[in-house]
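For reference, the structure is listed below as structure tokens.
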Amino acid sequence: MLALKIVFALLGLAFTLFGYFIFFRKKYSLINGFDAAFKAGQKDENYAKRLGLIEFTVGIALLIVATILIIFW
């Protein structure tokens, strides 16, 4: 059970940080292949913002789950 708590906490932290850097700091280079797809016109900035927001939200959710597991289990 300890391993599950650690995995949730680390994944939550990673997703939150990547989502923060992509959505708020506009570091789109963290997205695999985005620069080439952006230059080719296949993906736009809205795609990157949506992806960053999704990652940020999932990261926060995983951190909440990890906190609940640590407190109650």
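We name chains A, B, ... following the order of the structure tokens; residues begin at 1 in each chain, and ligands are numbered from 1 as shown.
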Problem set entry | 9 Å contact set for A:Lys5, only C-alpha atoms, chain neighbours under 5 positions out, as a list in words | Leu10, Val65, Ala66, Thr67, Leu69 and Ile70 of chain A
For this session: Using DSSP on the backbone, list every residue of chain A that comes out as alpha helix (DSSP H), and give them as JSON, numbers by chain.
Result: {"A": [2, 3, 4, 5, 6, 7, 8, 9, 10, 11, 12, 13, 14, 15, 16, 17, 18, 19, 20, 21, 22, 23, 34, 35, 36, 37, 38, 39, 40, 45, 46, 47, 48, 49, 50, 51, 52, 53, 54, 55, 56, 57, 58, 59, 60, 61, 62, 63, 64, 65, 66, 67, 68, 69, 70, 71, 72]}
Only C-alpha atoms, please: the residues just picked out, written as a CSV table (one decimal), in the first residue's frame.
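Saved result, again-v9.csv, follows:
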```
chain,number,residue,atom,x,y,z
A,2,LEU,CA,2.9,2.3,0.6
A,3,ALA,CA,4.1,1.8,-2.9
A,4,LEU,CA,0.6,2.8,-4.2
A,5,LYS,CA,0.7,6.0,-2.2
A,6,ILE,CA,4.2,6.9,-3.5
A,7,VAL,CA,3.2,6.2,-7.1
A,8,PHE,CA,0.1,8.4,-6.8
A,9,ALA,CA,2.0,11.2,-5.2
A,10,LEU,CA,4.9,11.1,-7.7
A,11,LEU,CA,2.5,10.9,-10.7
A,12,GLY,CA,0.4,13.7,-9.4
A,13,LEU,CA,3.4,15.9,-8.9
A,14,ALA,CA,4.8,15.1,-12.4
A,15,PHE,CA,1.5,15.7,-14.1
A,16,THR,CA,0.9,18.9,-12.2
A,17,LEU,CA,4.4,20.3,-13.0
A,18,PHE,CA,4.2,19.4,-16.7
A,19,GLY,CA,0.7,20.8,-16.9
A,20,TYR,CA,1.7,24.0,-15.2
A,21,PHE,CA,4.7,24.5,-17.4
A,22,ILE,CA,2.7,23.8,-20.6
A,23,PHE,CA,-0.5,25.8,-19.7
A,34,PHE,CA,4.6,19.6,-31.1
A,35,ASP,CA,7.1,22.0,-32.7
A,36,ALA,CA,7.2,20.0,-36.0
A,37,ALA,CA,3.4,19.6,-36.0
A,38,PHE,CA,3.0,23.3,-35.3
A,39,LYS,CA,5.3,24.3,-38.1
A,40,ALA,CA,3.4,21.9,-40.4
A,45,GLU,CA,-1.7,26.7,-29.7
A,46,ASN,CA,-5.2,25.8,-28.5
A,47,TYR,CA,-4.2,22.1,-28.7
A,48,ALA,CA,-1.2,22.7,-26.4
A,49,LYS,CA,-3.3,24.8,-24.0
A,50,ARG,CA,-5.9,22.0,-23.8
A,51,LEU,CA,-3.3,19.4,-23.2
A,52,GLY,CA,-1.6,21.4,-20.5
A,53,LEU,CA,-4.9,22.1,-18.7
A,54,ILE,CA,-5.8,18.4,-18.9
A,55,GLU,CA,-2.4,17.4,-17.5
A,56,PHE,CA,-2.7,20.0,-14.8
A,57,THR,CA,-6.2,18.8,-13.8
A,58,VAL,CA,-5.2,15.2,-13.7
A,59,GLY,CA,-2.2,16.0,-11.6
A,60,ILE,CA,-4.2,17.9,-9.1
A,61,ALA,CA,-6.7,15.0,-8.9
A,62,LEU,CA,-3.9,12.4,-8.4
A,63,LEU,CA,-2.4,14.6,-5.7
A,64,ILE,CA,-5.8,14.8,-3.9
A,65,VAL,CA,-6.2,11.0,-4.2
A,66,ALA,CA,-2.7,10.5,-2.8
A,67,THR,CA,-3.4,12.8,0.1
A,68,ILE,CA,-6.6,11.0,0.9
A,69,LEU,CA,-4.8,7.7,0.8
A,70,ILE,CA,-2.1,8.9,3.1
A,71,ILE,CA,-4.5,10.4,5.6
A,72,PHE,CA,-7.2,7.7,5.8
```
